[in-house]
Structure formats: C-alpha cells, structure tokens
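In what follows, a structure is listed as structure tokens, so that the remarks can point back to it.
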Amino acid sequence: MGDLLLARHGETEWSRSGRHTGLSDLPLTRAGEAQARALAPLLEGRSFTLVLTSPLARARRTAVLAGLADALPEPDLREWDYGGYEGVTTADIRRTRPGWDLWTDGVPPGPEFPGESPGQVGERADRVLSGVAGALDAGDVMLVAHGHLLRVLTARRLGLPPADGRLFRLETGTLSRLSLEHGGPVVAEWNTRP
C-alpha cells in the first residue's frame, strides 16, 4: 500500500490576504510560483501510480512548476464552494455573523456560486479517496489541490467527520503525506517545505 501525498497550491493574492478563494480562478503570485517550484526537490526520486490535480489554474500551475506536468484534472479536487462568502475574509464575515465558523456553520448561497456545506465537501473527498484506492494499492498517489478541500480529505482518510478538517492547518506551497501504521491511516508529514 502506497502513501497519499498532498500538495497545496502556492500563494495567490487572496490566500495571502485571507480571502476565501473557492471557485474564483486566481493565478499564483510570484511568491506562489516560487513555492510551487520549491516542491520539486521534495518529490525528486519519487514515482507515483497516479497524479491528480484540481482543475483550477492555481493548482494546475503548481503541479507543473513542481514537476508534475502530467497530472490529470479531477473535478472533485476543486476547492470548497464558499457561496456568498467567496472573496470575503473571516474577519469581515464575523462583523455581521459573530462567532461564524466555516466548519460548523457552512456558507450562504451567493449570486455566482451556490455554496457547499462541510458534508458536501466531505462527499467529494470521499469520492476522490474511493477513486484513488486501487492506485494506492500499487504505490504512491499525489494530489495537488486546495487548503480546505485537502483538510477535509485528510479528515475523511483518517476516519473523521468532514468538519474535523479544522484540526489540520495547511499552508500554501507545502507537501503533506498520509501513510499507514499497523494497518491504519496516519499523518506521516504535514506542511513540509524544503
């Protein structure tokens, strides 16, 4: 059984400023491109039975710069749909909704995006995990995607509810690895940078 490697895309203008960046297709900043290139040495010498990426440009560009140009797009790896909170910071949301928490409260629908609940993001993560199971039986699998989606996916891989993704802070331009210990899934590395 192989390891599941997770790369969060490099920095964008909105990730730097703390704005919720779901389906808005923003490019990497210059620093984000450098973060993506810095992933390449961490992946050197590894072989993967499958490499998937979110279809959003920031993840696809990260994959290319990290040396994973053959990554296949997987729609279920797109970021959480933040609905009416797309492009808004948590601090701004809490001005009108004190105590708001993405993981328990979800998001309202927006004019452009309908929004998703933690459970809906968890369903997508479960589909990804089910889809890569056979490839994991043969070796390592690499996923290049987004912070909140990968946090939910990690929770689901560990047998936790989607909202427990809140326990796994994930930085831009980092590599993480989920492995097995005594037959059970574990976090083997988290937020690794060169």
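Residue numbers start at 1 in each chain; chains themselves are named A, B, ... in the order of the structure tokens; ligands are numbered from 1 in the order shown.
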
Shell around range 49-55 of chain A at 7 Å using only C-alpha atoms, local window under 6 positions removed, as a PyMOL selection string: chain A and resi 71-75+77-78+135+138-145

For Glu79 in chain A: contacts at 8 Å, only C-alpha atoms, fewer than 2 positions along chain excluded, given as a PyMOL selection string: chain A and resi 21-23+54+77+81+145-149

Restricted to N, CA, C and O atoms, what would the selected residues look like written as a tab-separated table (two decimals), in the first residue's frame?
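The file below, part.tsv, is the result:
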```tsv
chain	number	residue	atom	x	y	z
A	21	THR	N	-11.09	31.74	-1.12
A	21	THR	CA	-10.89	31.57	-2.56
A	21	THR	C	-11.35	30.18	-2.94
A	21	THR	O	-10.60	29.22	-2.88
A	22	GLY	N	-12.61	30.08	-3.33
A	22	GLY	CA	-13.16	28.79	-3.71
A	22	GLY	C	-13.03	28.57	-5.20
A	22	GLY	O	-12.02	28.10	-5.70
A	23	LEU	N	-14.05	28.94	-5.95
A	23	LEU	CA	-14.10	28.66	-7.37
A	23	LEU	C	-13.58	29.80	-8.23
A	23	LEU	O	-13.48	29.65	-9.45
A	54	SER	N	-6.55	19.50	-8.98
A	54	SER	CA	-7.77	20.28	-9.15
A	54	SER	C	-7.75	20.89	-10.55
A	54	SER	O	-6.68	21.21	-11.07
A	77	LEU	N	-11.55	17.57	-6.87
A	77	LEU	CA	-10.47	18.19	-6.09
A	77	LEU	C	-10.56	19.72	-6.07
A	77	LEU	O	-9.72	20.38	-5.47
A	81	ASP	N	-16.75	25.38	-2.28
A	81	ASP	CA	-17.55	26.46	-2.86
A	81	ASP	C	-18.04	27.32	-1.69
A	81	ASP	O	-18.91	26.91	-0.93
A	145	ALA	N	-4.02	20.24	-4.81
A	145	ALA	CA	-5.33	20.88	-4.67
A	145	ALA	C	-5.26	22.08	-3.73
A	145	ALA	O	-4.28	22.83	-3.74
A	146	HIS	N	-6.28	22.23	-2.88
A	146	HIS	CA	-6.52	23.45	-2.12
A	146	HIS	C	-6.60	23.18	-0.63
A	146	HIS	O	-6.92	22.06	-0.20
A	147	GLY	N	-6.40	24.23	0.15
A	147	GLY	CA	-6.32	24.11	1.60
A	147	GLY	C	-7.51	23.44	2.27
A	147	GLY	O	-7.36	22.42	2.94
A	148	HIS	N	-8.69	24.00	2.12
A	148	HIS	CA	-9.83	23.43	2.84
A	148	HIS	C	-10.23	22.06	2.31
A	148	HIS	O	-10.54	21.16	3.08
A	149	LEU	N	-10.20	21.89	1.00
A	149	LEU	CA	-10.55	20.58	0.43
A	149	LEU	C	-9.58	19.51	0.94
A	149	LEU	O	-10.01	18.43	1.36
```

Shell of 9 Å around Pro114 in chain A, only C-alpha atoms, local chain residues under 4 positions omitted, as a ChimeraX atom specification: /A:81-84,107-110

Write the residues you've just listed into a file as a JSON list (two decimals), in the first residue's frame, and include N, CA and C atoms for each of them.
```
[["chain", "number", "residue", "atom", "x", "y", "z"],
["A", 81, "ASP", "N", -16.75, 25.38, -2.28],
["A", 81, "ASP", "CA", -17.55, 26.46, -2.86],
["A", 81, "ASP", "C", -18.04, 27.32, -1.69],
["A", 82, "TYR", "N", -17.48, 28.53, -1.57],
["A", 82, "TYR", "CA", -17.80, 29.41, -0.44],
["A", 82, "TYR", "C", -19.06, 30.23, -0.64],
["A", 83, "GLY", "N", -19.77, 30.03, -1.76],
["A", 83, "GLY", "CA", -21.04, 30.71, -1.97],
["A", 83, "GLY", "C", -20.93, 32.22, -1.81],
["A", 84, "GLY", "N", -21.80, 32.78, -0.96],
["A", 84, "GLY", "CA", -21.84, 34.21, -0.72],
["A", 84, "GLY", "C", -20.61, 34.75, 0.01],
["A", 107, "VAL", "N", -21.78, 28.01, 4.57],
["A", 107, "VAL", "CA", -21.85, 29.29, 3.87],
["A", 107, "VAL", "C", -23.23, 29.49, 3.26],
["A", 108, "PRO", "N", -23.64, 30.76, 3.09],
["A", 108, "PRO", "CA", -24.90, 31.03, 2.40],
["A", 108, "PRO", "C", -24.68, 30.99, 0.88],
["A", 109, "PRO", "N", -25.74, 30.77, 0.11],
["A", 109, "PRO", "CA", -25.58, 30.84, -1.34],
["A", 109, "PRO", "C", -25.20, 32.25, -1.76],
["A", 110, "GLY", "N", -24.50, 32.33, -2.86],
["A", 110, "GLY", "CA", -24.11, 33.63, -3.39],
["A", 110, "GLY", "C", -24.70, 33.85, -4.76]]
```

One-decimal distance in Å that lies between CA of Ala59 in chain A and CA of Leu129 in chain A: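 Here the two named atoms are 18.2 Å from each other.
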
Point-to-point distance from CA of Asp126 in chain A to CA of Leu180 in chain A, Å rounded to tenths: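 Between CA of Asp126 in chain A and CA of Leu180 in chain A the gap is 17.7 Å.
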
Strand (DSSP E) call set, DSSP backbone run, range 33-81 of chain A, as a PyMOL selection string: chain A and resi 50-53+72-73

Could the residues in this selection be saved with all heavy atoms as an mmCIF file, in the first residue's frame?
```
data_model
loop_
_atom_site.group_PDB
_atom_site.id
_atom_site.type_symbol
_atom_site.label_atom_id
_atom_site.label_comp_id
_atom_site.auth_asym_id
_atom_site.auth_seq_id
_atom_site.Cartn_x
_atom_site.Cartn_y
_atom_site.Cartn_z
ATOM 1 N N LEU A 50 -0.385 7.420 -9.682
ATOM 2 C CA LEU A 50 -1.422 8.334 -10.149
ATOM 3 C C LEU A 50 -1.134 9.727 -9.598
ATOM 4 O O LEU A 50 -0.768 9.869 -8.427
ATOM 5 C CB LEU A 50 -2.800 7.857 -9.653
ATOM 6 C CG LEU A 50 -4.029 8.663 -10.059
ATOM 7 C CD1 LEU A 50 -4.217 8.652 -11.576
ATOM 8 C CD2 LEU A 50 -5.273 8.120 -9.360
ATOM 9 N N VAL A 51 -1.284 10.734 -10.459
ATOM 10 C CA VAL A 51 -1.136 12.135 -10.049
ATOM 11 C C VAL A 51 -2.373 12.879 -10.537
ATOM 12 O O VAL A 51 -2.669 12.905 -11.731
ATOM 13 C CB VAL A 51 0.135 12.784 -10.635
ATOM 14 C CG1 VAL A 51 0.233 14.241 -10.190
ATOM 15 C CG2 VAL A 51 1.382 12.012 -10.239
ATOM 16 N N LEU A 52 -3.108 13.466 -9.588
ATOM 17 C CA LEU A 52 -4.326 14.211 -9.898
ATOM 18 C C LEU A 52 -4.189 15.646 -9.412
ATOM 19 O O LEU A 52 -3.517 15.907 -8.407
ATOM 20 C CB LEU A 52 -5.540 13.576 -9.212
ATOM 21 C CG LEU A 52 -5.874 12.135 -9.584
ATOM 22 C CD1 LEU A 52 -7.042 11.635 -8.728
ATOM 23 C CD2 LEU A 52 -6.203 12.018 -11.061
ATOM 24 N N THR A 53 -4.860 16.550 -10.101
ATOM 25 C CA THR A 53 -4.871 17.944 -9.689
ATOM 26 C C THR A 53 -6.287 18.507 -9.799
ATOM 27 O O THR A 53 -7.082 18.040 -10.606
ATOM 28 C CB THR A 53 -3.902 18.796 -10.545
ATOM 29 O OG1 THR A 53 -3.912 20.145 -10.064
ATOM 30 C CG2 THR A 53 -4.277 18.792 -12.003
ATOM 31 N N LEU A 72 -3.423 14.664 -13.942
ATOM 32 C CA LEU A 72 -4.743 14.613 -14.555
ATOM 33 C C LEU A 72 -5.729 15.455 -13.751
ATOM 34 O O LEU A 72 -5.747 15.382 -12.516
ATOM 35 C CB LEU A 72 -5.243 13.167 -14.599
ATOM 36 C CG LEU A 72 -4.365 12.177 -15.353
ATOM 37 C CD1 LEU A 72 -4.863 10.760 -15.138
ATOM 38 C CD2 LEU A 72 -4.322 12.535 -16.831
ATOM 39 N N PRO A 73 -6.565 16.265 -14.417
ATOM 40 C CA PRO A 73 -7.541 17.067 -13.674
ATOM 41 C C PRO A 73 -8.645 16.186 -13.089
ATOM 42 O O PRO A 73 -9.134 15.275 -13.750
ATOM 43 C CB PRO A 73 -8.095 18.027 -14.721
ATOM 44 C CG PRO A 73 -7.809 17.380 -16.037
ATOM 45 C CD PRO A 73 -6.613 16.505 -15.849
#
```

Residue nearest Ala125 in chain A among A:Gly165, A:Gly184, A:Gly45, A:Pro194 (counting only C-alpha atoms): A:Gly165

Atom-to-atom span, CA of Thr62 in chain A and CA of Arg37 in chain A, Å: 7.6 Å

Non-local contacts of range 95-104 of chain A (8 Å; only C-alpha atoms; under 2 positions in same chain excluded) as a ChimeraX atom specification: /A:91-93,106-107,118,163-166

Take the residues that were just selected and, keeping N, CA and C atoms, output them as a tab-separated table (two decimals), in the first residue's frame.
```tsv
chain	number	residue	atom	x	y	z
A	91	ALA	N	-12.71	37.65	9.13
A	91	ALA	CA	-12.94	38.83	9.97
A	91	ALA	C	-14.13	39.65	9.47
A	92	ASP	N	-14.23	39.82	8.15
A	92	ASP	CA	-15.36	40.57	7.59
A	92	ASP	C	-16.68	39.84	7.81
A	93	ILE	N	-16.67	38.52	7.67
A	93	ILE	CA	-17.89	37.74	7.89
A	93	ILE	C	-18.34	37.89	9.33
A	106	GLY	N	-21.04	26.50	7.79
A	106	GLY	CA	-21.14	26.50	6.34
A	106	GLY	C	-21.24	27.89	5.77
A	107	VAL	N	-21.78	28.01	4.57
A	107	VAL	CA	-21.85	29.29	3.87
A	107	VAL	C	-23.23	29.49	3.26
A	118	PRO	N	-20.05	21.54	4.86
A	118	PRO	CA	-18.94	20.64	5.13
A	118	PRO	C	-19.24	19.21	4.67
A	163	ALA	N	-15.98	18.02	9.21
A	163	ALA	CA	-15.71	19.23	10.00
A	163	ALA	C	-14.42	19.13	10.81
A	164	ASP	N	-13.91	17.92	11.01
A	164	ASP	CA	-12.64	17.79	11.73
A	164	ASP	C	-11.44	18.19	10.88
A	165	GLY	N	-11.69	18.56	9.62
A	165	GLY	CA	-10.63	19.15	8.81
A	165	GLY	C	-10.09	20.42	9.46
A	166	ARG	N	-10.88	21.01	10.35
A	166	ARG	CA	-10.43	22.22	11.07
A	166	ARG	C	-9.18	21.96	11.89
```

Who sits within 6 Å of Gly10 in chain A, only C-alpha atoms, same chain under 3 positions skipped, as a VMD selection string: chain A and resid 32 35 to 36 172 to 173

Proximity to Leu6 in chain A - best of A:Leu42, A:Leu167, A:Leu178, A:Ala188, only C-alpha atoms: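 Checking each candidate against Leu6 in chain A, we get A:Leu178 as the closest.
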
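Shortest separation to Ser117 in chain A among A:Pro41, A:Pro162, A:Gly18, A:Gly131 occurs at residue A:Pro162, atoms counted being only C-alpha atoms.
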
A:Arg30, A:Gly115, A:Arg61, A:Val128 ranked by distance to Arg8 in chain A, top pick (using only C-alpha atoms): A:Arg61

From A:Ala40, A:Glu171, A:Arg46, A:Val132, residue lying nearest Thr12 in chain A [only C-alpha atoms]: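 Of the candidates, the smallest distance to Thr12 in chain A is held by A:Glu171.
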
Those in range 119-189 of chain A with alpha helix (DSSP H) from DSSP, as a PDB file with N, CA and C atoms, in the first residue's frame:
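Everything below was put into states26.pdb:
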```pdb
ATOM      1  N   GLY A 119     -20.465  18.768   4.839  1.00  0.00           N
ATOM      2  CA  GLY A 119     -20.839  17.420   4.414  1.00  0.00           C
ATOM      3  C   GLY A 119     -20.718  17.227   2.912  1.00  0.00           C
ATOM      4  N   GLN A 120     -21.082  18.244   2.135  1.00  0.00           N
ATOM      5  CA  GLN A 120     -20.966  18.141   0.680  1.00  0.00           C
ATOM      6  C   GLN A 120     -19.507  18.075   0.240  1.00  0.00           C
ATOM      7  N   VAL A 121     -18.653  18.861   0.896  1.00  0.00           N
ATOM      8  CA  VAL A 121     -17.224  18.793   0.583  1.00  0.00           C
ATOM      9  C   VAL A 121     -16.692  17.415   0.981  1.00  0.00           C
ATOM     10  N   GLY A 122     -17.163  16.884   2.110  1.00  0.00           N
ATOM     11  CA  GLY A 122     -16.780  15.549   2.543  1.00  0.00           C
ATOM     12  C   GLY A 122     -17.177  14.471   1.546  1.00  0.00           C
ATOM     13  N   GLU A 123     -18.333  14.625   0.918  1.00  0.00           N
ATOM     14  CA  GLU A 123     -18.767  13.661  -0.103  1.00  0.00           C
ATOM     15  C   GLU A 123     -17.822  13.676  -1.291  1.00  0.00           C
ATOM     16  N   ARG A 124     -17.391  14.864  -1.698  1.00  0.00           N
ATOM     17  CA  ARG A 124     -16.418  14.942  -2.795  1.00  0.00           C
ATOM     18  C   ARG A 124     -15.098  14.304  -2.397  1.00  0.00           C
ATOM     19  N   ALA A 125     -14.643  14.590  -1.178  1.00  0.00           N
ATOM     20  CA  ALA A 125     -13.391  13.997  -0.692  1.00  0.00           C
ATOM     21  C   ALA A 125     -13.496  12.472  -0.661  1.00  0.00           C
ATOM     22  N   ASP A 126     -14.628  11.968  -0.230  1.00  0.00           N
ATOM     23  CA  ASP A 126     -14.835  10.517  -0.205  1.00  0.00           C
ATOM     24  C   ASP A 126     -14.767   9.920  -1.613  1.00  0.00           C
ATOM     25  N   ARG A 127     -15.324  10.642  -2.597  1.00  0.00           N
ATOM     26  CA  ARG A 127     -15.252  10.143  -3.978  1.00  0.00           C
ATOM     27  C   ARG A 127     -13.810  10.097  -4.461  1.00  0.00           C
ATOM     28  N   VAL A 128     -13.027  11.116  -4.115  1.00  0.00           N
ATOM     29  CA  VAL A 128     -11.609  11.121  -4.507  1.00  0.00           C
ATOM     30  C   VAL A 128     -10.898   9.932  -3.858  1.00  0.00           C
ATOM     31  N   LEU A 129     -11.101   9.743  -2.564  1.00  0.00           N
ATOM     32  CA  LEU A 129     -10.432   8.645  -1.862  1.00  0.00           C
ATOM     33  C   LEU A 129     -10.834   7.291  -2.445  1.00  0.00           C
ATOM     34  N   SER A 130     -12.096   7.133  -2.762  1.00  0.00           N
ATOM     35  CA  SER A 130     -12.554   5.889  -3.376  1.00  0.00           C
ATOM     36  C   SER A 130     -11.913   5.706  -4.751  1.00  0.00           C
ATOM     37  N   GLY A 131     -11.812   6.793  -5.492  1.00  0.00           N
ATOM     38  CA  GLY A 131     -11.251   6.733  -6.838  1.00  0.00           C
ATOM     39  C   GLY A 131      -9.772   6.419  -6.889  1.00  0.00           C
ATOM     40  N   VAL A 132      -9.023   6.779  -5.841  1.00  0.00           N
ATOM     41  CA  VAL A 132      -7.573   6.523  -5.841  1.00  0.00           C
ATOM     42  C   VAL A 132      -7.200   5.238  -5.100  1.00  0.00           C
ATOM     43  N   ALA A 133      -8.166   4.546  -4.532  1.00  0.00           N
ATOM     44  CA  ALA A 133      -7.876   3.359  -3.709  1.00  0.00           C
ATOM     45  C   ALA A 133      -7.078   2.302  -4.475  1.00  0.00           C
ATOM     46  N   GLY A 134      -7.480   2.008  -5.695  1.00  0.00           N
ATOM     47  CA  GLY A 134      -6.766   1.000  -6.478  1.00  0.00           C
ATOM     48  C   GLY A 134      -5.340   1.416  -6.781  1.00  0.00           C
ATOM     49  N   ALA A 135      -5.137   2.698  -7.108  1.00  0.00           N
ATOM     50  CA  ALA A 135      -3.790   3.199  -7.387  1.00  0.00           C
ATOM     51  C   ALA A 135      -2.927   3.153  -6.132  1.00  0.00           C
ATOM     52  N   LEU A 136      -3.524   3.424  -4.968  1.00  0.00           N
ATOM     53  CA  LEU A 136      -2.767   3.340  -3.705  1.00  0.00           C
ATOM     54  C   LEU A 136      -2.325   1.914  -3.411  1.00  0.00           C
ATOM     55  N   ASP A 137      -3.105   0.937  -3.838  1.00  0.00           N
ATOM     56  CA  ASP A 137      -2.708  -0.460  -3.655  1.00  0.00           C
ATOM     57  C   ASP A 137      -1.413  -0.765  -4.390  1.00  0.00           C
ATOM     58  N   ALA A 138      -1.152  -0.015  -5.481  1.00  0.00           N
ATOM     59  CA  ALA A 138       0.026  -0.267  -6.305  1.00  0.00           C
ATOM     60  C   ALA A 138       1.206   0.648  -5.985  1.00  0.00           C
ATOM     61  N   GLY A 147      -6.399  24.233   0.151  1.00  0.00           N
ATOM     62  CA  GLY A 147      -6.322  24.111   1.599  1.00  0.00           C
ATOM     63  C   GLY A 147      -7.507  23.444   2.270  1.00  0.00           C
ATOM     64  N   HIS A 148      -8.693  23.998   2.120  1.00  0.00           N
ATOM     65  CA  HIS A 148      -9.832  23.434   2.844  1.00  0.00           C
ATOM     66  C   HIS A 148     -10.226  22.060   2.310  1.00  0.00           C
ATOM     67  N   LEU A 149     -10.205  21.890   0.996  1.00  0.00           N
ATOM     68  CA  LEU A 149     -10.548  20.582   0.428  1.00  0.00           C
ATOM     69  C   LEU A 149      -9.583  19.512   0.943  1.00  0.00           C
ATOM     70  N   LEU A 150      -8.281  19.798   0.942  1.00  0.00           N
ATOM     71  CA  LEU A 150      -7.304  18.809   1.401  1.00  0.00           C
ATOM     72  C   LEU A 150      -7.417  18.545   2.898  1.00  0.00           C
ATOM     73  N   ARG A 151      -7.827  19.526   3.650  1.00  0.00           N
ATOM     74  CA  ARG A 151      -8.040  19.323   5.081  1.00  0.00           C
ATOM     75  C   ARG A 151      -9.220  18.386   5.325  1.00  0.00           C
ATOM     76  N   VAL A 152     -10.307  18.581   4.562  1.00  0.00           N
ATOM     77  CA  VAL A 152     -11.458  17.682   4.668  1.00  0.00           C
ATOM     78  C   VAL A 152     -11.060  16.279   4.212  1.00  0.00           C
ATOM     79  N   LEU A 153     -10.328  16.195   3.116  1.00  0.00           N
ATOM     80  CA  LEU A 153      -9.891  14.896   2.607  1.00  0.00           C
ATOM     81  C   LEU A 153      -9.034  14.166   3.641  1.00  0.00           C
ATOM     82  N   THR A 154      -8.176  14.894   4.314  1.00  0.00           N
ATOM     83  CA  THR A 154      -7.344  14.296   5.372  1.00  0.00           C
ATOM     84  C   THR A 154      -8.218  13.752   6.491  1.00  0.00           C
ATOM     85  N   ALA A 155      -9.180  14.545   6.923  1.00  0.00           N
ATOM     86  CA  ALA A 155     -10.093  14.076   7.975  1.00  0.00           C
ATOM     87  C   ALA A 155     -10.795  12.798   7.546  1.00  0.00           C
ATOM     88  N   ARG A 156     -11.298  12.773   6.334  1.00  0.00           N
ATOM     89  CA  ARG A 156     -12.015  11.594   5.850  1.00  0.00           C
ATOM     90  C   ARG A 156     -11.085  10.383   5.741  1.00  0.00           C
ATOM     91  N   ARG A 157      -9.855  10.592   5.287  1.00  0.00           N
ATOM     92  CA  ARG A 157      -8.884   9.483   5.188  1.00  0.00           C
ATOM     93  C   ARG A 157      -8.613   8.880   6.563  1.00  0.00           C
TER      94      ARG A 157
END
```

Find the spatial neighbours of Leu26 in chain A, counting only C-alpha atoms, within a cut-off of 8 Å - ignore same-chain residues fewer than 3 positions away - and output them as an mmCIF file with all heavy atoms, in the first residue's frame.
```cif
data_model
loop_
_atom_site.group_PDB
_atom_site.id
_atom_site.type_symbol
_atom_site.label_atom_id
_atom_site.label_comp_id
_atom_site.auth_asym_id
_atom_site.auth_seq_id
_atom_site.Cartn_x
_atom_site.Cartn_y
_atom_site.Cartn_z
ATOM 1 N N THR A 12 -1.725 32.782 -3.669
ATOM 2 C CA THR A 12 -2.416 33.701 -4.575
ATOM 3 C C THR A 12 -2.614 35.014 -3.813
ATOM 4 O O THR A 12 -2.399 35.071 -2.597
ATOM 5 C CB THR A 12 -3.796 33.155 -5.006
ATOM 6 O OG1 THR A 12 -4.661 33.133 -3.866
ATOM 7 C CG2 THR A 12 -3.690 31.764 -5.624
ATOM 8 N N GLU A 13 -3.052 36.040 -4.515
ATOM 9 C CA GLU A 13 -3.327 37.320 -3.831
ATOM 10 C C GLU A 13 -4.354 37.130 -2.722
ATOM 11 O O GLU A 13 -4.223 37.694 -1.644
ATOM 12 C CB GLU A 13 -3.824 38.369 -4.833
ATOM 13 C CG GLU A 13 -2.774 38.892 -5.771
ATOM 14 C CD GLU A 13 -1.676 39.702 -5.092
ATOM 15 O OE1 GLU A 13 -1.899 40.247 -3.985
ATOM 16 O OE2 GLU A 13 -0.576 39.778 -5.670
ATOM 17 N N ALA A 57 -6.785 26.790 -12.058
ATOM 18 C CA ALA A 57 -5.477 27.192 -12.586
ATOM 19 C C ALA A 57 -4.379 27.221 -11.527
ATOM 20 O O ALA A 57 -3.242 26.831 -11.805
ATOM 21 C CB ALA A 57 -5.587 28.553 -13.265
ATOM 22 N N ARG A 58 -4.675 27.678 -10.315
ATOM 23 C CA ARG A 58 -3.623 27.791 -9.296
ATOM 24 C C ARG A 58 -3.064 26.429 -8.914
ATOM 25 O O ARG A 58 -1.876 26.298 -8.628
ATOM 26 C CB ARG A 58 -4.123 28.567 -8.080
ATOM 27 C CG ARG A 58 -5.344 27.987 -7.384
ATOM 28 C CD ARG A 58 -5.936 29.023 -6.410
ATOM 29 N NE ARG A 58 -7.071 28.548 -5.654
ATOM 30 C CZ ARG A 58 -8.338 28.641 -6.037
ATOM 31 N NH1 ARG A 58 -8.626 29.161 -7.218
ATOM 32 N NH2 ARG A 58 -9.305 28.209 -5.263
#
```

Residues near Trp14 in chain A, cut-off 10 Å, only C-alpha atoms, skip fewer than 2 positions along chain, as an NGL selection string: :A and (11-12 or 16-21 or 24 or 26-29 or 87-89)

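Compared by their closest atoms to Val186 in chain A, and using only C-alpha atoms, the residues A:Pro111, A:Gly67, A:Leu160, A:Asp25 rank with A:Leu160 nearest.
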